[in-house]
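Visitor: One structure, pasted below without further comment.
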Protein chains: 2
Amino acid sequence: MDFKPLVARNEKKIVMLVFDGLGGIPDPSTGLTELETARVPNLDAIAKKSLCGNSLVVDYGITPGSGPGHFALFGYDPEIEIGRGVLEALGVGHRMEKNDLAARGNFATVDANGVLADRRGGFPSSERNREICRRLEEEIELPGCELFAIPGKEHRFVLVIRGEGLSDALSETDPQKTGVIPQPVRSLGKNAKKSEKIVNSFIAQAEKILKDYRPQNMLLLRGFAKSPDIGPFPGRYGLRSCAIAVYPMYKGIAKLVGMDVAECGATFPEQIDALERNYNGYDFFFIHVKETDSAGHAGDFARKSRVLEECDGSLPRLLALKPDCLIITGDHSTPSLLREHSFHPVPVSFLTENACPDSVERFTERAFMSGGLGIFPARKIMQLALAFTLKLKKFGA
Amino acid sequence: MDFKPLVARNEKKIVMLVFDGLGGIPDPSTGLTELETARVPNLDAIAKKSLCGNSLVVDYGITPGSGPGHFALFGYDPEIEIGRGVLEALGVGHRMEKNDLAARGNFATVDANGVLADRRGGFPSSERNREICRRLEEEIELPGCELFAIPGKEHRFVLVIRGEGLSDALSETDPQKTGVIPQPVRSLGKNAKKSEKIVNSFIAQAEKILKDYRPQNMLLLRGFAKSPDIGPFPGRYGLRSCAIAVYPMYKGIAKLVGMDVAECGATFPEQIDALERNYNGYDFFFIHVKETDSAGHAGDFARKSRVLEECDGSLPRLLALKPDCLIITGDHSTPSLLREHSFHPVPVSFLTENACPDSVERFTERAFMSGGLGIFPARKIMQLALAFTLKLKKFGA
């Protein structure tokens with residue numbers, strides 16, 4: 001249902017601690033998951049006093065990317081599309097605005113006839129990439145528009161054009177294979193003619209500059225996207241909201257939904273420092289821990305357990321703030337055995353005096369299977385958090 | 001899915017026992033809920049032989065009013081709107097018919113210039129309220145319409161106008177503040193012109209009568225509503241249906257969905273008497289116990305437990321009737337600690353030979369968390385009850 005008319009502000013505080021890629025599957029040699037292997041006495045003590053369950057991020061068997069994962073955690077429809085260009089822009093730390101059109105770019109090699117010879121332009125150095133991006137930004141003129149060319153790793157960069165009335169209904173210039181001539185963009189919708197003209201003007205001007213940079217003498221663009229048109233998180237929930245994240249992608253998603261992003265160091269204890277510093281100024285905190293996911297992607301089972309143990313040591317400082325509702329969860333699972341995001345439901349605990357705790361005794365995927373919440377949609381987490389902090393009025397008389 | 005084409009009548013009987021506001025949360029001093037504190041051996045024995053779960057009345061985190069709560073129990077969409085006027089009319093015991101337009105009324109005070117001075121008319125006595133209502137009913141003439149003015153507590157009354165073609169798309173005359181002149185109603189939809197004329201004629205005639213009753217020399221109307229247009233319960237389910245309720249509001253909701261309402265005394269044993277008397281004449285019984293909710297609203301934890309214990313003592317008489325499906329549940333939770341309706345899922349048990357019982361051993365919120373039904377929507381309860389009594393045909397070949 002649409003709960004937004006029921007939202008009522010109060011002083012109660014919600015902390016959402018997200019261990020990226022939290023859930024796992026058992027190592028066949030021990031029969032235990034990363035969480036079951038880790039010594040995490042504070043997480044276990046929290047689970048004991050919490051209402052627990054496993055969340056379904058998108059649907060049964062569906063593996064979410066980071067975008068859908070966080071959209072669900074923030075209470076939005078995880079199927080709202082966030083285009084590739086937007087995610088790439090967030091990933092390199094660009095703050096997407098309403099009028100921004102973003103695309104993923106490659107520097108590439110074409111031969112004398114303009115035929116694509118190498119889609120990755122011989123893997124330029126970071127320095128070379130930065131230099132090309134700087135020249136594109138400085139020398140290209142797009143009337144009425146502002147231009148951002150943001151270097152990524154190797155041959156990758158992100159193009160953002162900021163201007164009124166741009167549309168992302170554009171074909172891609174990247175043919176995804178060599179031996180053909182990259183095409184200009186074409187408008188795919190009737191409102192995209194202006195975008196087509198501007199992007200093709202960018203490409204034409206860029207080609208002249210890139211002549212000096214063989215084997216990066218061409219660029220390819222794909223994934224044109226604008227920000228999804230969604231209601232900002234703070235207004236939607238009546239929560240002054242603060243993100244405490246280290247990686248650009250997660251800061252970016254938080255900004256995309258309208259949260260403030262706190263200054264903070266790179267370690268979990270420093271994230272807790274930032275929580276303490278900002279605690280009085282906000283009602284909602286999103287704390288994002290990346291290392292659990294990184295260890296999962298690396299297939300490093302022991303490291304994923306160790307990251308959880310290290311973070312566990314700092315939880316008493318978080319508990320000392322006595323949030324009215326503490327949610328501990330992940331945006332998806334990343335089992336070390338799969339080295340990738342997965343579809344497995346994600347453990348979620350709600351520590352709050354307004355819930356009836358269940359009989360769960362440990363913070364693990366398996367223990368949470370008999371949690372009081374069972375399996376439930378991740379996008380209901382925010383609705384529950386508002387309910388547990390008494391921020392939702394009664395529906396109907 | 002739409003199960004209605006699958007409904008087949010048979011002789012089997014369903015009893016739905018509703019403890020209003022059944023669920024709770026733990027008292028921090030004991031860690032136990034009202035149900036966990038009560039000695040309820042019969043409820044526990046029923047739980048042991050039942051299939052159990054916790055029901056979601058509207059949605060995760062959403063606190064239902066009594067209207068949505070009972071609509072869900074009766075298998076209707078809990079988001080169907082029941083207007084304020086209809087609920088008020090049900091609450092004072094008026095049986096809403098299809099052509100009834102109801103509104104909540106206040107007797108109020110205006111000064112010599114018609115400016116509103118007191119929205120509650122100096123809190124008239126019940127006797128005075130009854131006298132004014134009687135004169136309104138007797139003296140006002142609305143051609144083609146029947147008029148009901150039903151006294152409530154203090155300054156409150158309910159207006160019902162019964163007539164063909166009335167619409168509830170009317171503005172309110174109650175400005176919700178003093179110092180202004182109450183306005184006549186205005187039609188808010190193109191089919192409400194007739195209603196506008198009739199209601200304003202009522203107000204004009206009433207003003208003349210009220211001249212004699214200063215400080216109740218004006219009336220204010222709000223929450224104009226007609227009954228929602230829903231299929232009646234008995235036809236929908238093929239069940240001759242009988243409500244055994246004490247409070248007017250719940251008798252009213254039962255009548256609204258087309259149930260017969262049995263005569264009965266005010267205590268639970270007297271409600272069981274009524275069940276015994278009517279047992280042969282119906283297929284479905286809705287028994288409504290109000291006191292669990294009243295104790296919860298009063299914040300009286302011990303009383304809520306005691307009400308459950310007292311009712312528990314009469315359950316063997318209910319069981320002796322051997323209903324083919326006995327459902328025990330609530331319309332929402334009312335934790336004594338919150339003194340209000342809440343969003344917490346509500347325990348539900350199905351005692352029937354056609355269910356596979358789970359391993360639940362006690363009738364409590366927490367024990368039911370590991371029940372075989374998990375968390376499921378309350379509006380599926382009737383569908384399950386029909387299935388357990390073999391009243392639903394196979395779907396598809």
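FYI, nothing fancy with the structure tokens labels: chains A, B, ... in order, residues from 1 per chain, ligands from 1 as they appear.
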Using only C-alpha atoms and a distance of at most 9 Å, pull out the residues of chain A that contact chain B, as JSON, numbers by chain.
Guide: {"A": [1, 3, 6, 353, 354, 355, 356, 357, 358, 359, 370, 371, 372, 373, 374, 375, 376, 380, 381, 382, 383, 384, 385, 386, 387, 388, 392, 393, 394, 395, 396, 397]}
Visitor: Write out as a PyMOL selection string each polymer residue whose atoms come within 7 Å of region 136-139 of chain B, counting only C-alpha atoms; drop sequence neighbours fewer than 2 positions from it.
Guide: chain B and resi 132-134+141+147-149+206
Visitor: May I ask which of the residues A:Pro323, A:Leu170, A:Asp44, A:Ala8 is the closest one to Ser349 (chain A), counting only C-alpha atoms?
Guide: A:Asp44
Visitor: Please provide as a PyMOL selection string all residues within 10 Å of Asp118 (chain B), with the sequence filter that same-chain residues fewer than 6 positions apart are discarded (counting only C-alpha atoms).
Guide: chain B and resi 107-111+177-179+215-216+218
Visitor: Take the selection from the previous step and output its residues with N, CA and C atoms, as a CSV table (one decimal), in the first residue's frame.
Guide:
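Dumped to part-v3.csv:
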chain,number,residue,atom,x,y,z
B,107,PHE,N,-23.3,19.1,17.7
B,107,PHE,CA,-24.1,20.3,18.0
B,107,PHE,C,-23.1,21.4,18.5
B,108,ALA,N,-23.3,22.6,18.0
B,108,ALA,CA,-22.2,23.7,18.2
B,108,ALA,C,-22.9,25.0,18.6
B,109,THR,N,-22.1,25.9,19.0
B,109,THR,CA,-22.6,27.3,19.4
B,109,THR,C,-22.1,28.3,18.3
B,110,VAL,N,-23.1,29.1,17.9
B,110,VAL,CA,-22.8,30.3,17.1
B,110,VAL,C,-23.3,31.6,17.7
B,111,ASP,N,-22.6,32.7,17.5
B,111,ASP,CA,-23.0,33.9,18.1
B,111,ASP,C,-24.1,34.6,17.2
B,177,LYS,N,-12.6,24.9,13.1
B,177,LYS,CA,-12.0,25.9,13.9
B,177,LYS,C,-13.1,27.0,14.2
B,178,THR,N,-13.0,27.7,15.3
B,178,THR,CA,-14.0,28.7,15.7
B,178,THR,C,-13.6,30.0,15.0
B,179,GLY,N,-14.6,31.0,15.1
B,179,GLY,CA,-14.3,32.4,14.6
B,179,GLY,C,-14.7,32.5,13.2
B,215,PRO,N,-26.8,26.7,24.3
B,215,PRO,CA,-25.7,26.9,23.4
B,215,PRO,C,-25.5,25.8,22.3
B,216,GLN,N,-26.6,25.0,22.1
B,216,GLN,CA,-26.5,24.1,21.0
B,216,GLN,C,-27.4,24.6,19.8
B,218,MET,N,-26.5,25.4,16.7
B,218,MET,CA,-26.1,25.2,15.4
B,218,MET,C,-25.6,23.7,15.3
Visitor: List every residue of region 100-210 of chain B that DSSP, applied to the backbone, labels as strand (DSSP E), and write the result as a VMD selection string.
Guide: chain B and resid 100 to 110 116 to 118 146 to 151 156 to 162
Visitor: Quick one: pull the distance between CA of Phe284 (chain A) and CA of Glu310 (chain A), Å, one decimal.
Guide: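 Interatomic distance, CA of Phe284 (chain A) to CA of Glu310 (chain A): 23.9 Å.
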Visitor: Excluding Lys13 (chain B) and residues on its chain fewer than 2 positions from it, collect all residues at most 8 Å away from it, counting only C-alpha atoms, and give them as number ranges by chain.
Guide: B: 11, 15, 282-284, 323-325, 389
Visitor: Please indicate the distance in Å from CA of Val160 (chain A) to CA of Glu291 (chain A), rounded to one decimal place.
Guide: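 Those two atoms sit 28.8 Å apart.
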Visitor: May I have the residues within 6 Å of region 233-244 of chain A as a tab-separated table (two decimals) with N, CA and C atoms, in the first residue's frame, using only C-alpha atoms and disregarding those fewer than 2 positions away in the same chain?
Guide:
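Dumped everything to part02.tsv:
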chain	number	residue	atom	x	y	z
A	9	ARG	N	6.35	12.70	11.60
A	9	ARG	CA	7.71	12.87	12.12
A	9	ARG	C	7.74	12.74	13.64
A	257	VAL	N	19.27	9.62	-3.93
A	257	VAL	CA	17.97	9.61	-3.25
A	257	VAL	C	17.85	10.79	-2.27
A	258	GLY	N	18.83	11.68	-2.27
A	258	GLY	CA	18.69	12.93	-1.53
A	258	GLY	C	19.24	12.93	-0.11
A	259	MET	N	20.04	11.90	0.24
A	259	MET	CA	20.65	11.92	1.58
A	259	MET	C	21.85	12.85	1.60
A	260	ASP	N	22.14	13.41	2.78
A	260	ASP	CA	23.43	14.06	2.97
A	260	ASP	C	24.49	12.96	3.12
A	261	VAL	N	25.71	13.28	2.73
A	261	VAL	CA	26.79	12.30	2.87
A	261	VAL	C	27.82	12.88	3.83
A	262	ALA	N	28.09	12.15	4.90
A	262	ALA	CA	29.01	12.64	5.94
A	262	ALA	C	30.45	12.45	5.50
A	282	TYR	N	20.64	14.23	12.72
A	282	TYR	CA	19.83	13.46	11.76
A	282	TYR	C	18.91	12.47	12.47
A	283	ASP	N	17.93	11.97	11.70
A	283	ASP	CA	17.00	10.95	12.21
A	283	ASP	C	17.32	9.57	11.66
A	284	PHE	N	18.02	9.53	10.51
A	284	PHE	CA	18.28	8.26	9.82
A	284	PHE	C	19.74	8.22	9.37
A	285	PHE	N	20.38	7.08	9.61
A	285	PHE	CA	21.76	6.89	9.19
A	285	PHE	C	21.88	5.61	8.36
A	286	PHE	N	22.50	5.74	7.21
A	286	PHE	CA	22.82	4.60	6.35
A	286	PHE	C	24.33	4.41	6.43
A	287	ILE	N	24.77	3.31	7.05
A	287	ILE	CA	26.21	3.04	7.15
A	287	ILE	C	26.54	1.89	6.21
Visitor: List as a list in words the protein and nucleic acid residues near Ala72 (chain B), meaning an atom at most 7 Å away when only C-alpha atoms are counted, but skip any in the same chain fewer than 6 places from it.
Guide: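 Listed by chain and then number, they are Val57, Pro78, Ala378 and Arg379 of chain B.
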Visitor: Selected residues, N, CA and C atoms, written as a PDB file, in the first residue's frame, please.
Guide:
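What landed in again_22.pdb:
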ATOM      1  N   VAL B  57      -2.353  -7.730   8.484  1.00  0.00           N
ATOM      2  CA  VAL B  57      -3.714  -7.252   8.224  1.00  0.00           C
ATOM      3  C   VAL B  57      -3.765  -6.405   6.953  1.00  0.00           C
ATOM      4  N   PRO B  78      -8.611  -4.913   2.508  1.00  0.00           N
ATOM      5  CA  PRO B  78      -8.651  -4.003   3.651  1.00  0.00           C
ATOM      6  C   PRO B  78      -8.470  -2.541   3.250  1.00  0.00           C
ATOM      7  N   ALA B 378      -3.966 -11.435   6.189  1.00  0.00           N
ATOM      8  CA  ALA B 378      -5.215 -11.746   6.893  1.00  0.00           C
ATOM      9  C   ALA B 378      -6.363 -11.973   5.919  1.00  0.00           C
ATOM     10  N   ARG B 379      -6.339 -11.304   4.785  1.00  0.00           N
ATOM     11  CA  ARG B 379      -7.481 -11.457   3.870  1.00  0.00           C
ATOM     12  C   ARG B 379      -7.534 -12.824   3.211  1.00  0.00           C
TER      13      ARG B 379
END
Visitor: What's the separation between CA of Phe202 (chain A) and CA of Leu188 (chain A), in Å to one decimal place?
Guide: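 Interatomic distance, CA of Phe202 (chain A) to CA of Leu188 (chain A): 18.2 Å.
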Visitor: Please provide as a ChimeraX atom specification all residues within 10 Å of His94 (chain A), with the sequence filter that same-chain residues fewer than 5 positions apart are discarded (counting only C-alpha atoms).
Guide: /A:86-89,102,148,150,158,160,248-249,251-252,255
Visitor: Take the residues just selected and output them with C-alpha atoms as a compact mmCIF listing (two decimals), in the first residue's frame.
Guide:
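Everything below was put into out_25.txt:
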# COMPACT_ATOMS: atom_id res chain seq x y z
CA VAL A 86 24.06 6.85 -14.05
CA LEU A 87 25.64 3.99 -12.09
CA GLU A 88 29.00 4.60 -13.77
CA ALA A 89 28.78 8.31 -12.99
CA ALA A 102 25.40 10.26 -18.40
CA PHE A 148 32.08 16.48 -17.56
CA ILE A 150 35.56 11.81 -15.76
CA VAL A 158 32.23 8.64 -17.93
CA VAL A 160 28.08 13.66 -18.37
CA PRO A 248 31.94 6.56 -4.40
CA MET A 249 29.18 4.29 -5.79
CA LYS A 251 27.88 7.79 -1.64
CA GLY A 252 26.45 8.38 -5.11
CA LYS A 255 23.04 11.40 -2.94
Visitor: Which one is closest to Glu276 (chain B): B:Cys52, B:Ile14, B:Glu309, B:Leu318? Count only C-alpha atoms.
Guide: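 Closest candidate: B:Leu318.
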Visitor: Determine which residues of region 203-325 of chain B receive a DSSP assignment of helix (DSSP H, G or I), computed from the backbone, and state them as a PDB file with C-alpha atoms, in the first residue's frame.
Guide:
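Written file, selection-v1.pdb:
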ATOM      1  CA  ILE B 203     -29.423  22.306   7.765  1.00  0.00           C
ATOM      2  CA  ALA B 204     -31.774  25.255   7.135  1.00  0.00           C
ATOM      3  CA  GLN B 205     -34.700  23.509   8.846  1.00  0.00           C
ATOM      4  CA  ALA B 206     -32.467  22.351  11.703  1.00  0.00           C
ATOM      5  CA  GLU B 207     -31.220  25.881  12.370  1.00  0.00           C
ATOM      6  CA  LYS B 208     -34.793  27.015  13.048  1.00  0.00           C
ATOM      7  CA  ILE B 209     -35.350  24.215  15.558  1.00  0.00           C
ATOM      8  CA  LEU B 210     -31.954  24.768  17.228  1.00  0.00           C
ATOM      9  CA  LYS B 211     -32.751  28.448  17.912  1.00  0.00           C
ATOM     10  CA  ASP B 212     -34.481  27.137  21.067  1.00  0.00           C
ATOM     11  CA  TYR B 213     -31.429  25.236  22.278  1.00  0.00           C
ATOM     12  CA  PHE B 233     -20.450 -12.071   2.689  1.00  0.00           C
ATOM     13  CA  PRO B 234     -23.088 -14.858   2.715  1.00  0.00           C
ATOM     14  CA  GLY B 235     -23.403 -14.928  -1.078  1.00  0.00           C
ATOM     15  CA  ARG B 236     -19.703 -14.529  -1.698  1.00  0.00           C
ATOM     16  CA  TYR B 237     -18.837 -17.602   0.377  1.00  0.00           C
ATOM     17  CA  PRO B 248     -22.558  -1.641  18.074  1.00  0.00           C
ATOM     18  CA  MET B 249     -19.565  -0.980  15.791  1.00  0.00           C
ATOM     19  CA  TYR B 250     -18.906  -4.693  15.231  1.00  0.00           C
ATOM     20  CA  LYS B 251     -22.572  -5.590  14.900  1.00  0.00           C
ATOM     21  CA  GLY B 252     -22.645  -2.761  12.372  1.00  0.00           C
ATOM     22  CA  ILE B 253     -19.712  -4.027  10.321  1.00  0.00           C
ATOM     23  CA  ALA B 254     -21.266  -7.505  10.316  1.00  0.00           C
ATOM     24  CA  LYS B 255     -24.574  -6.076   9.077  1.00  0.00           C
ATOM     25  CA  LEU B 256     -22.702  -4.009   6.491  1.00  0.00           C
ATOM     26  CA  PHE B 268     -18.301 -14.270  26.648  1.00  0.00           C
ATOM     27  CA  PRO B 269     -20.246 -17.176  28.229  1.00  0.00           C
ATOM     28  CA  GLU B 270     -23.436 -15.474  26.985  1.00  0.00           C
ATOM     29  CA  GLN B 271     -21.886 -15.202  23.516  1.00  0.00           C
ATOM     30  CA  ILE B 272     -21.268 -18.970  23.654  1.00  0.00           C
ATOM     31  CA  ASP B 273     -24.915 -19.394  24.715  1.00  0.00           C
ATOM     32  CA  ALA B 274     -25.899 -17.516  21.569  1.00  0.00           C
ATOM     33  CA  LEU B 275     -23.574 -19.703  19.506  1.00  0.00           C
ATOM     34  CA  GLU B 276     -25.229 -22.839  20.915  1.00  0.00           C
ATOM     35  CA  ARG B 277     -28.722 -21.487  20.279  1.00  0.00           C
ATOM     36  CA  ASN B 278     -27.952 -20.565  16.662  1.00  0.00           C
ATOM     37  CA  TYR B 279     -25.592 -23.400  15.832  1.00  0.00           C
ATOM     38  CA  ASN B 280     -27.957 -25.407  13.645  1.00  0.00           C
ATOM     39  CA  GLY B 281     -29.219 -22.440  11.662  1.00  0.00           C
ATOM     40  CA  GLU B 291     -12.424  -6.519  26.023  1.00  0.00           C
ATOM     41  CA  THR B 292      -8.927  -7.563  24.908  1.00  0.00           C
ATOM     42  CA  ASP B 293      -8.734  -4.388  22.816  1.00  0.00           C
ATOM     43  CA  SER B 294     -10.253  -2.201  25.544  1.00  0.00           C
ATOM     44  CA  ALA B 295      -7.659  -3.417  28.053  1.00  0.00           C
ATOM     45  CA  GLY B 296      -4.888  -2.770  25.511  1.00  0.00           C
ATOM     46  CA  HIS B 297      -6.139   0.786  24.892  1.00  0.00           C
ATOM     47  CA  PHE B 301      -1.472  -5.350  30.625  1.00  0.00           C
ATOM     48  CA  ALA B 302      -2.760  -7.503  33.500  1.00  0.00           C
ATOM     49  CA  ARG B 303      -6.393  -6.969  32.520  1.00  0.00           C
ATOM     50  CA  LYS B 304      -5.697  -7.986  28.915  1.00  0.00           C
ATOM     51  CA  SER B 305      -4.149 -11.237  30.182  1.00  0.00           C
ATOM     52  CA  ARG B 306      -7.089 -11.739  32.556  1.00  0.00           C
ATOM     53  CA  VAL B 307      -9.692 -11.282  29.805  1.00  0.00           C
ATOM     54  CA  LEU B 308      -7.934 -13.993  27.810  1.00  0.00           C
ATOM     55  CA  GLU B 309      -7.892 -16.297  30.844  1.00  0.00           C
ATOM     56  CA  GLU B 310     -11.600 -15.734  31.491  1.00  0.00           C
ATOM     57  CA  CYS B 311     -12.542 -16.462  27.880  1.00  0.00           C
ATOM     58  CA  ASP B 312     -10.251 -19.484  27.884  1.00  0.00           C
ATOM     59  CA  GLY B 313     -12.460 -21.052  30.539  1.00  0.00           C
ATOM     60  CA  SER B 314     -15.464 -21.102  28.177  1.00  0.00           C
ATOM     61  CA  LEU B 315     -13.653 -22.593  25.209  1.00  0.00           C
ATOM     62  CA  PRO B 316     -14.509 -26.242  26.057  1.00  0.00           C
ATOM     63  CA  ARG B 317     -18.170 -25.369  25.425  1.00  0.00           C
ATOM     64  CA  LEU B 318     -17.242 -24.002  22.008  1.00  0.00           C
ATOM     65  CA  LEU B 319     -15.115 -27.063  21.223  1.00  0.00           C
ATOM     66  CA  ALA B 320     -17.984 -29.349  22.266  1.00  0.00           C
TER      67      ALA B 320
END
